[in-house]
Amino acid sequence: QVQLVESGGRLVQAGVSLGLSCTASGLAFNSAAVAWFRQGPGKGREFVAASSWGGQTTKIQDSVKDRFTVSRDNAKNTVYLQMNSLEPADTAVYFCAARLVVSRTWYSRIENDYVYWGQGPQVTVSS
């Protein structure tokens, strides 16, 4: 059974940094593209960041690319999302997602392209 378990979500003040992690089990993580999505209050789920399984290809949503970074450690089956200078608009439930792929450079911004999902930690940024 595949599981993606996220951690790191909490209430923070605007301007601080926060890191999220997502650890996979039951999955050949070093053959999985991974991504982070978020869903803010009253909003749909939106793409935040992605990493191909080789790690060479990463993509960050334009609106946060100056503040967020994505990285992964295949030896630990873990993908990370580092969020700096958090803003109240970053308040959301953050989900990690994964999909086994052949291409070491493949990633997607589309949530339906991912097969496995975590439950999503809540990140709340107060002003």
# chains A, B, ... in the order shown; residues from 1 in each chain; ligands from 1
call {"tool": "residues_around", "arguments": {"residues": "segment 60-68 of chain A", "least_positions_apart": "4", "cutoff": "10 Å", "atoms": "only C-alpha atoms", "output": "list in words"}}
result
Ser17, Leu18, Gly19, Ala35, Trp36, Phe37, Glu46, Phe47, Val48, Ala49, Ala50, Ser51, Leu81, Gln82, Met83, Asn84, Ser85, Leu86, Asp90 and Arg109 of chain A
call {"tool": "write_last_selection", "arguments": {"atoms": "all heavy atoms", "output": "compact mmCIF listing (two decimals), in the first residue's frame"}}
result
# COMPACT_ATOMS: atom_id res chain seq x y z
N SER A 17 9.75 31.58 7.69
CA SER A 17 9.96 30.45 6.79
C SER A 17 9.40 29.18 7.41
O SER A 17 9.36 29.05 8.64
CB SER A 17 11.46 30.26 6.52
OG SER A 17 12.01 31.39 5.87
N LEU A 18 9.01 28.27 6.56
CA LEU A 18 8.46 27.00 7.02
C LEU A 18 8.79 25.94 5.99
O LEU A 18 8.72 26.18 4.79
CB LEU A 18 6.94 27.10 7.18
CG LEU A 18 6.21 25.89 7.75
CD1 LEU A 18 6.62 25.66 9.20
CD2 LEU A 18 4.70 26.07 7.64
N GLY A 19 9.17 24.77 6.47
CA GLY A 19 9.46 23.66 5.57
C GLY A 19 8.47 22.54 5.75
O GLY A 19 8.11 22.18 6.87
N ALA A 35 4.99 16.14 -6.60
CA ALA A 35 4.54 17.52 -6.71
C ALA A 35 3.87 17.95 -5.41
O ALA A 35 3.44 17.12 -4.61
CB ALA A 35 3.56 17.68 -7.87
N TRP A 36 3.80 19.26 -5.25
CA TRP A 36 3.04 19.86 -4.16
C TRP A 36 1.91 20.68 -4.77
O TRP A 36 2.13 21.44 -5.73
CB TRP A 36 3.93 20.78 -3.32
CG TRP A 36 4.93 20.08 -2.47
CD1 TRP A 36 6.23 19.81 -2.79
CD2 TRP A 36 4.73 19.56 -1.16
NE1 TRP A 36 6.85 19.16 -1.76
CE2 TRP A 36 5.95 19.00 -0.73
CE3 TRP A 36 3.64 19.52 -0.28
CZ2 TRP A 36 6.11 18.40 0.52
CZ3 TRP A 36 3.81 18.93 0.95
CH2 TRP A 36 5.03 18.37 1.35
N PHE A 37 0.73 20.51 -4.20
CA PHE A 37 -0.42 21.33 -4.55
C PHE A 37 -0.94 21.96 -3.26
O PHE A 37 -0.62 21.50 -2.16
CB PHE A 37 -1.53 20.47 -5.18
CG PHE A 37 -1.19 19.94 -6.55
CD1 PHE A 37 -0.39 18.82 -6.70
CD2 PHE A 37 -1.68 20.57 -7.69
CE1 PHE A 37 -0.06 18.33 -7.96
CE2 PHE A 37 -1.37 20.08 -8.95
CZ PHE A 37 -0.56 18.96 -9.08
N GLU A 46 -4.48 24.09 -6.35
CA GLU A 46 -3.58 24.67 -7.34
C GLU A 46 -2.17 24.10 -7.22
O GLU A 46 -1.72 23.72 -6.14
CB GLU A 46 -3.51 26.20 -7.20
CG GLU A 46 -2.90 26.70 -5.91
CD GLU A 46 -2.67 28.20 -5.90
OE1 GLU A 46 -2.85 28.86 -6.94
OE2 GLU A 46 -2.30 28.72 -4.82
N PHE A 47 -1.50 24.07 -8.34
CA PHE A 47 -0.14 23.58 -8.40
C PHE A 47 0.80 24.54 -7.68
O PHE A 47 0.68 25.76 -7.79
CB PHE A 47 0.27 23.44 -9.86
CG PHE A 47 1.73 23.18 -10.07
CD1 PHE A 47 2.25 21.90 -9.89
CD2 PHE A 47 2.60 24.20 -10.46
CE1 PHE A 47 3.60 21.65 -10.09
CE2 PHE A 47 3.94 23.95 -10.66
CZ PHE A 47 4.44 22.67 -10.48
N VAL A 48 1.75 23.98 -6.95
CA VAL A 48 2.76 24.78 -6.29
C VAL A 48 4.16 24.47 -6.81
O VAL A 48 4.90 25.37 -7.21
CB VAL A 48 2.73 24.56 -4.75
CG1 VAL A 48 3.84 25.37 -4.08
CG2 VAL A 48 1.37 24.93 -4.18
N ALA A 49 4.52 23.20 -6.82
CA ALA A 49 5.88 22.84 -7.21
C ALA A 49 5.93 21.37 -7.60
O ALA A 49 5.10 20.58 -7.17
CB ALA A 49 6.85 23.10 -6.06
N ALA A 50 6.93 21.03 -8.39
CA ALA A 50 7.09 19.63 -8.79
C ALA A 50 8.56 19.31 -9.00
O ALA A 50 9.38 20.20 -9.25
CB ALA A 50 6.31 19.35 -10.08
N SER A 51 8.87 18.03 -8.91
CA SER A 51 10.22 17.55 -9.15
C SER A 51 10.15 16.24 -9.91
O SER A 51 9.41 15.34 -9.53
CB SER A 51 10.95 17.34 -7.82
OG SER A 51 12.19 16.69 -8.03
N LEU A 81 9.34 20.92 0.64
CA LEU A 81 8.92 22.22 0.12
C LEU A 81 9.35 23.26 1.14
O LEU A 81 8.86 23.26 2.28
CB LEU A 81 7.41 22.27 -0.08
CG LEU A 81 6.87 23.59 -0.66
CD1 LEU A 81 7.34 23.75 -2.11
CD2 LEU A 81 5.35 23.65 -0.58
N GLN A 82 10.29 24.09 0.75
CA GLN A 82 10.76 25.16 1.63
C GLN A 82 10.04 26.44 1.23
O GLN A 82 10.11 26.85 0.07
CB GLN A 82 12.27 25.33 1.50
CG GLN A 82 12.85 26.45 2.35
CD GLN A 82 12.69 26.22 3.83
OE1 GLN A 82 12.77 25.08 4.30
NE2 GLN A 82 12.44 27.27 4.58
N MET A 83 9.39 27.04 2.19
CA MET A 83 8.60 28.25 1.94
C MET A 83 9.17 29.38 2.78
O MET A 83 9.22 29.28 4.01
CB MET A 83 7.13 27.99 2.30
CG MET A 83 6.54 26.79 1.58
SD MET A 83 4.80 26.51 1.99
CE MET A 83 4.93 25.95 3.68
N ASN A 84 9.60 30.41 2.11
CA ASN A 84 10.17 31.57 2.79
C ASN A 84 9.26 32.78 2.65
O ASN A 84 8.43 32.85 1.74
CB ASN A 84 11.55 31.89 2.21
CG ASN A 84 12.52 30.75 2.36
OD1 ASN A 84 12.52 30.04 3.37
ND2 ASN A 84 13.39 30.57 1.37
N SER A 85 9.43 33.72 3.55
CA SER A 85 8.66 34.97 3.52
C SER A 85 7.17 34.70 3.32
O SER A 85 6.53 35.25 2.43
CB SER A 85 9.18 35.88 2.39
OG SER A 85 10.55 36.17 2.58
N LEU A 86 6.65 33.86 4.18
CA LEU A 86 5.26 33.46 4.02
C LEU A 86 4.31 34.65 4.14
O LEU A 86 4.54 35.59 4.92
CB LEU A 86 4.90 32.40 5.05
CG LEU A 86 5.40 30.99 4.70
CD1 LEU A 86 5.39 30.08 5.92
CD2 LEU A 86 4.57 30.39 3.58
N ASP A 90 -0.70 32.53 1.45
CA ASP A 90 -0.16 31.17 1.38
C ASP A 90 -0.93 30.21 2.28
O ASP A 90 -0.65 29.01 2.29
CB ASP A 90 1.32 31.15 1.78
CG ASP A 90 2.18 31.96 0.84
OD1 ASP A 90 1.98 31.86 -0.39
OD2 ASP A 90 3.06 32.70 1.33
N ARG A 109 2.00 19.83 -13.94
CA ARG A 109 1.29 20.80 -13.11
C ARG A 109 -0.16 20.38 -12.87
O ARG A 109 -0.89 21.06 -12.16
CB ARG A 109 1.24 22.15 -13.81
CG ARG A 109 2.56 22.81 -14.10
CD ARG A 109 2.33 23.98 -15.04
NE ARG A 109 3.51 24.81 -15.21
CZ ARG A 109 3.69 25.95 -14.58
NH1 ARG A 109 2.79 26.39 -13.73
NH2 ARG A 109 4.77 26.67 -14.78
call {"tool": "residues_around", "arguments": {"residues": "Ser126 of chain A", "least_positions_apart": "5", "cutoff": "9 Å", "atoms": "only C-alpha atoms", "output": "number ranges by chain"}}
result
A: 11-14, 87-88, 91
call {"tool": "closest_residue", "arguments": {"among": "A:Trp106, A:Trp117, A:Tyr94, A:Trp53", "to": "Ala32 of chain A", "atoms": "only C-alpha atoms"}}
result
A:Trp53
call {"tool": "closest_residue", "arguments": {"among": "A:Ala33, A:Val16, A:Ala24, A:Val102", "to": "Val125 of chain A", "atoms": "only C-alpha atoms"}}
result
A:Val16
call {"tool": "closest_residue", "arguments": {"among": "A:Gln39, A:Asn112, A:Thr58, A:Thr69", "to": "Arg99 of chain A", "atoms": "only C-alpha atoms"}}
result
A:Asn112
call {"tool": "closest_residue", "arguments": {"among": "A:Gln119, A:Ser7, A:Thr57, A:Gln1", "to": "Arg104 of chain A", "atoms": "only C-alpha atoms"}}
result
A:Thr57
